[in-house]
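This report concerns only the one structure given below.
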Amino acid sequence: MNKKWIASLACVCLLASSFTTVMAEGMKPGTYTEVTRGMYDGLTVDVTLSESKIEDIKARAPWLQEPDCLTCHQGKAGDKVTEQFKLWTAHDAPQAARYDESLWLIRGGRPGAAQALYEQLRRSNLPAIQRATLLAELANYPSESALQLASKDLNHPAPQVRESAALLVRYAKSSGTAIFLVGHVTKEGALAGPRVLEHMVDTVLYFEGDQHSNYRMIRAIKNRFGAANELGVFAMTEHGLKGVSNPSAIFLASYRDDVPGSCVLVTQEGSRPLLVEIQALVDDAHGFTPKRLTVGLEQNRLAMLLAVLNRHAGIACFDQDVFLNAVGGVKINEPAADLAVILAMLSSFRNRPLPEKMVAFGEIGLSGEVRPVARGQERLKEAEKLGFKRAIVPKANLPRNAKEFPGLQIFGVGSLQEAVEVCRSAGE
């Protein structure tokens, strides 16, 4: 290429695009090779200029600025940039990173976004985290060529999920960025996909709730930075999810203490005590096999508690249908719910309500003993704060100083028989 010819070039900008073109005086219509810098650094594109286009460029030339991203030289279609031409443009200011500019085009839906996405996916040296970001935008520009490039990453699904997660975790920790990986669960309630994914991340969150309720719960199944099984309650509004500061009051909004088969449980969700109403219905069975149904409670634990109730309280339910429900769509997995469940079933079986303003918690053993549970003091404080007057708890959970709970009458029990007797005497 002749340096003298290059020096005689006149500079103009094509305002209709993001490129700037250098044209030679008297250039004739034909095919030229554009050499890009910046976003498409080193890319050559063949363009055809007509007479009307050249005249339009010349008309704008007096008031256009110096070029900064595209240079054009006369030649045949497909010509590559010479080293001499690269040196001639080396004095220009450095341009923004090619990936950043492409991502700006793609996410903004600007002209050239589809081509920018395709060119980025073609790069063999693109970091995996950047490639994963581009694949997330592929749904907006589903060209056949881009989909073919993306499909190369899907030959081995399990290793790909593991490797992608490892790269995302490494990027999050090195940059201080919070990243959410959104998946789905199976019919059994477990996280779908390779289980190794749960071990690699810091926190596993489950989005729960009754589809007919206006409340949703986010539960932390795994948490490296705090207590597991933490629970956040949110109300669904027209402006999105809104946090509920006192979820116990929400779950007890429709609670009535004069109804048989109802007992309030003080459960512990992570570091937060939560009051939940346990409802039980015990009725005569009308089939050969009595029904046992639970909502929000463990099915197998119900069978164990019915056996304990029969052996140590003398109440046989072999010919009774038993239904249990944790009101509000809450899922309770801790054994501290045993005592409240048994008292609710006993109340329904006898068709007599439990004493008013009463809560209960405690684990029931196979020999009928009532075992202590964790954080008993915090549970009692929550019950007193919400206006309850009586509490049946394990003896080991009795407070050392009863003056700490002046508005709460606390009964410590060591066996199932003692709990039944306390309910009978308090209700008289």
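Residues in the structure tokens are numbered from 1 in each chain, the chains being A, B, ... in the order shown, and ligands are numbered from 1 in the order shown.
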
Exercise for review: Please provide as a ChimeraX atom specification all residues within 7 Å of range 269-282 of chain A, with the sequence filter that same-chain residues fewer than 4 positions apart are discarded (counting only C-alpha atoms).
Suggested key: /A:227-231,248,251-252,261-265,320-327,341,344-345,348-349,378-379,382

Review point. Within 10 Å of Ala116 in chain A, counting only C-alpha atoms, which residues qualify if same-chain residues fewer than 3 places away don't, as a PyMOL selection string?
Key: chain A and resi 39-40+98-99+101-106+111-113+119-122

Check your understanding: If you count only C-alpha atoms, which residues fall within 9 Å of Ser367 in chain A, apart from same-chain ones fewer than 4 positions away, as a ChimeraX atom specification?
Key -> /A:308,311-312,415

**Study point:** Residues near Val233 in chain A, cut-off 10 Å, only C-alpha atoms, skip fewer than 4 positions along chain, as a VMD selection string
**Key:** chain A and resid 208 to 209 215 to 219 241 to 248 250 330

Check your understanding: Leaving out Ala336 in chain A and any residue of its chain fewer than 4 positions from it, which residues lie within 6 Å of it when counting only C-alpha atoms, given as an NGL selection string?
Key -> :A and (361-363)

Check your understanding: Could you pull the residues within 10 Å of Ser213 in chain A, counting only C-alpha atoms, minus those fewer than 3 positions along the same chain, as number ranges by chain?
Key -> A: 209-210, 216, 235-236, 328-329

Check your understanding: Which value, in Å to one decimal, gives the distance between CA of Asp202 in chain A and CA of Val182 in chain A?
Key -> 13.9 Å

**Study point:** For Ala337 in chain A, the nearest of the candidates A:Gln115, A:Thr267, A:Ser145, A:Thr133, counting only C-alpha atoms
**Key:**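 The closest residue to Ala337 in chain A is A:Thr267.
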
Selection near Ile342 in chain A, 9 Å with only C-alpha atoms, sequence-local residues under 6 positions removed, as a PDB file with N, CA, C and O atoms, in the first residue's frame:
ATOM      1  N   ALA A 280     -56.140 -30.606  63.945  1.00  0.00           N
ATOM      2  CA  ALA A 280     -56.312 -32.060  63.838  1.00  0.00           C
ATOM      3  C   ALA A 280     -57.791 -32.381  63.755  1.00  0.00           C
ATOM      4  O   ALA A 280     -58.630 -31.712  64.373  1.00  0.00           O
ATOM      5  N   LEU A 305     -46.687 -41.253  66.598  1.00  0.00           N
ATOM      6  CA  LEU A 305     -47.398 -40.581  67.678  1.00  0.00           C
ATOM      7  C   LEU A 305     -48.731 -41.261  67.985  1.00  0.00           C
ATOM      8  O   LEU A 305     -49.159 -41.302  69.151  1.00  0.00           O
ATOM      9  N   LEU A 306     -49.395 -41.808  66.977  1.00  0.00           N
ATOM     10  CA  LEU A 306     -50.644 -42.536  67.224  1.00  0.00           C
ATOM     11  C   LEU A 306     -50.390 -43.793  68.051  1.00  0.00           C
ATOM     12  O   LEU A 306     -51.193 -44.158  68.920  1.00  0.00           O
ATOM     13  N   LEU A 309     -49.769 -42.636  71.602  1.00  0.00           N
ATOM     14  CA  LEU A 309     -51.040 -42.225  72.195  1.00  0.00           C
ATOM     15  C   LEU A 309     -51.857 -43.435  72.636  1.00  0.00           C
ATOM     16  O   LEU A 309     -52.537 -43.419  73.674  1.00  0.00           O
ATOM     17  N   LEU A 416     -46.274 -37.956  78.782  1.00  0.00           N
ATOM     18  CA  LEU A 416     -47.514 -37.664  78.064  1.00  0.00           C
ATOM     19  C   LEU A 416     -48.703 -37.623  79.017  1.00  0.00           C
ATOM     20  O   LEU A 416     -49.601 -36.783  78.863  1.00  0.00           O
TER      21      LEU A 416
END

Point to revise | Length of the CA of Val196 in chain A to CA of Glu298 in chain A vector [Å] | key: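 Between these atoms lies a distance of 26.5 Å.
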
Point to revise | DSSP-assigned strand (DSSP E) members of range 230-259 of chain A, reported as a ChimeraX atom specification | key: /A:230-237,240-243

**Study point:** Using only C-alpha atoms: which of A:Ala303, A:Leu126, A:Ala136, A:Val393 has the shortest distance to Phe318 in chain A
**Key:**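 Checking each of A:Ala303, A:Leu126, A:Ala136, A:Val393 against Phe318 in chain A, counting only C-alpha atoms, the winner is A:Ala303.
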
Practice item. Identify which of the residues A:Arg375, A:Arg107, A:Lys403, A:Arg256 lies closest to Glu356 in chain A, counting only C-alpha atoms when measuring atom-to-atom distances. Key: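 The answer is A:Arg256, which sits nearest to Glu356 in chain A.
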